[in-house]
Amino acid sequence: MLNFKNKLLTLVFISTSAAALSKDLPKTYDAPVQLSKSDKKKVDRANELFKAGLDLWNELNQKYNPDNITDYKMDSTCNKDAYPILIQAAQKFMESNSLKYEVYNNGCNEFFTKHKYQSPTGLENARRFQKEAVNYIGKAQSNRRSAENYKNEYVKAYNRFFEAISLEIIAVKKEGRALQIYQDWPVHYAYQFDDDIEVDLFNPKTVAVVKKETPKPVEPPKPVEVKKVEPEVEPYDSTVIYYQVQIAAHTQQLTLKYIKDNIYIGNVKVNEIREDEWYKYTLGRYKTFEEASKLLKSVNVPKAFVVAYKNGKRVPLKEVKETSSKSQNAPDQIKPKNQKK
C-alpha cells in the first residue's frame, strides 16, 4: 500500500516562480463504488478532515492572502501568524487524502486477489489511472519536502503546499476511478468522468473544476457464460447513418441470459456488434438521434448512451452533428420545377 507519508518516489515537480498563486483547490472526490461499513466510515472521516483543512485554507486566503504580499518585508511580517495555520491545513489535507487513497487502493488490490486466476482483460484505463495516481503522489511528496525549506517565506511555502495538496486530491480521484472500473468488470461502460483538471492546474487563475453527474455503481456481474448472442444484421442502407443505444461493451462475448439478468430486462432486441477486440451491445436502430434518445430514456440502463453507425462502422456523434449543422446552414439548392416545396 502506498502512503502519502512514505517517501517512496523522488519525482520532482517543477513550477515557474513567476506564476500567480491560484487559491481554489480541487474538490474532494467520492468514487461511486461499493464499500464495506468500515471503509465507508474511513471515507466519512476523510471528508471531515478535508473540511477542517478547507476551513483553515479559507482562513489563510482571507487573512493572509498571498496575492496581497508584494515584498519580502510583508512576507516576513505575516509569516509568524500565517505559517502555523498553513502547516495545520496541510496536515489535515494529507491525513484526509491518505485515508481515502488507502480505501480505494485496498479495493483495487482486493479485485486482483479475487480474480487472480481469471486474468481480467480490458482494464488498461484502470491501470493507467493507478499509475498516474502513484506519479502524482510522488510529485506531491516532493512539493511537501520543498515547502518545509520555506519556514520563513510564507508565500513560497503556500505555493508549494498548494501544489502538493492539489496533486494528492487528483491522485485520490484517479485511484477511485480505477476502483470503479474494476468493480464494474467484466462489463465496460462509456464512463462520463470529469474532464481532467491537472492540465491547467498551476497556470495563473485557472483551476477549473467541472462537476458532472457520475453514473451510479452497479452490482458486481456474475461469471460470463458460453452461450452466444445472435447478432443482428447490419444496417440495410449502407449510405444511411443509424442511431442505436449502447448498453454494454466487453472484450469477452456476453450471453443473452447474462445481459437479461444483469444489464437489460426489456423487450427490445439486443444487437451484438464486433469492433476490433470489443463486443458492443446495442438496442434499436433509428434514422434520427431524437428517436434513439427516446429509447435511451425508457430502457433504464445505467451508463447507456446513444451511438451512430454508418455502413456497419461507428461514427462519432460530434462529427454527425457537425455535418448535420453544416447541411442545415447551407444555401438551398435549386429544386426541379416539378418538385413541391
# chains A, B, ... in the order shown; residues from 1 in each chain; ligands from 1

$ residues_around --residues "segment 105-121 of chain A" --least-positions-apart "3" --cutoff "12 Å" --atoms "only C-alpha atoms" --output "PyMOL selection string"
chain A and resi 1-3+31+33-36+39+97-102+124-127+129-131+133-134+171-188+220+223-224+250-252+277-278

$ select_by_dssp --residues "segment 60-109 of chain A" --states "alpha helix (DSSP H)" --output "PyMOL selection string"
chain A and resi 60-63+72-109

$ atom_distance --atom1 "atom CA of Ser238 of chain A" --atom2 "atom CA of Glu275 of chain A"
17.0 Å

$ atom_distance --atom1 "atom CA of Ala89 of chain A" --atom2 "atom CA of Val103 of chain A"
21.7 Å

$ residues_around --residues "Pro316 of chain A" --least-positions-apart "3" --cutoff "12 Å" --atoms "only C-alpha atoms" --output "number ranges by chain"
A: 241-243, 306-310, 313, 319-323

$ residues_around --residues "Ala304 of chain A" --least-positions-apart "5" --cutoff "8 Å" --atoms "only C-alpha atoms" --output "PyMOL selection string"
chain A and resi 189-190+245-248+296

$ closest_residue --among "A:Ser38, A:Asn68, A:Lys27, A:Asn135" --to "Phe93 of chain A" --atoms "only C-alpha atoms"
A:Lys27

$ atom_distance --atom1 "atom CA of Gly122 of chain A" --atom2 "atom CA of Tyr281 of chain A"
15.7 Å

$ closest_residue --among "A:Gln244, A:Arg128, A:Val315, A:Pro84" --to "Ala292 of chain A" --atoms "only C-alpha atoms"
A:Gln244

$ closest_residue --among "A:Glu148, A:Glu168, A:Glu153, A:Glu291" --to "Ala82 of chain A" --atoms "only C-alpha atoms"
A:Glu153

$ residues_around --residues "Tyr154 of chain A" --least-positions-apart "4" --cutoff "7 Å" --atoms "only C-alpha atoms" --output "list in words"
Asp75, Asn79, Tyr83, Tyr150 and Tyr158 of chain A

$ write_last_selection --atoms "all heavy atoms" --output "tab-separated table (two decimals), in the first residue's frame"
chain	number	residue	atom	x	y	z
A	75	ASP	N	6.08	39.73	3.67
A	75	ASP	CA	6.10	38.27	3.77
A	75	ASP	C	6.59	37.84	5.15
A	75	ASP	O	6.01	36.97	5.80
A	75	ASP	CB	7.02	37.71	2.68
A	75	ASP	CG	6.90	36.19	2.55
A	75	ASP	OD1	6.02	35.61	3.23
A	75	ASP	OD2	7.68	35.60	1.80
A	79	ASN	N	4.36	36.00	8.16
A	79	ASN	CA	4.79	34.61	8.27
A	79	ASN	C	4.61	34.06	9.68
A	79	ASN	O	4.26	32.90	9.86
A	79	ASN	CB	6.25	34.48	7.83
A	79	ASN	CG	6.72	33.04	7.82
A	79	ASN	OD1	6.39	32.28	6.93
A	79	ASN	ND2	7.49	32.65	8.83
A	83	TYR	N	2.09	31.04	8.90
A	83	TYR	CA	2.74	29.76	8.64
A	83	TYR	C	2.19	28.62	9.51
A	83	TYR	O	1.96	27.51	9.01
A	83	TYR	CB	4.26	29.88	8.81
A	83	TYR	CG	5.01	28.67	8.35
A	83	TYR	CD1	5.27	28.45	7.00
A	83	TYR	CD2	5.45	27.70	9.27
A	83	TYR	CE1	5.96	27.33	6.57
A	83	TYR	CE2	6.14	26.58	8.85
A	83	TYR	CZ	6.39	26.38	7.50
A	83	TYR	OH	7.06	25.27	7.07
A	150	TYR	N	10.87	26.41	3.41
A	150	TYR	CA	10.46	27.81	3.34
A	150	TYR	C	9.72	28.23	4.61
A	150	TYR	O	8.70	28.92	4.55
A	150	TYR	CB	9.56	28.03	2.11
A	150	TYR	CG	10.23	27.78	0.80
A	150	TYR	CD1	9.72	26.85	-0.11
A	150	TYR	CD2	11.40	28.46	0.45
A	150	TYR	CE1	10.34	26.62	-1.33
A	150	TYR	CE2	12.02	28.23	-0.76
A	150	TYR	CZ	11.49	27.31	-1.64
A	150	TYR	OH	12.10	27.07	-2.85
A	158	TYR	N	3.39	28.51	0.90
A	158	TYR	CA	1.98	28.41	0.50
A	158	TYR	C	1.88	27.82	-0.91
A	158	TYR	O	1.06	26.93	-1.17
A	158	TYR	CB	1.34	29.79	0.55
A	158	TYR	CG	-0.10	29.86	0.12
A	158	TYR	CD1	-1.13	29.95	1.05
A	158	TYR	CD2	-0.45	29.85	-1.24
A	158	TYR	CE1	-2.46	30.02	0.65
A	158	TYR	CE2	-1.77	29.92	-1.64
A	158	TYR	CZ	-2.77	30.00	-0.70
A	158	TYR	OH	-4.09	30.07	-1.10
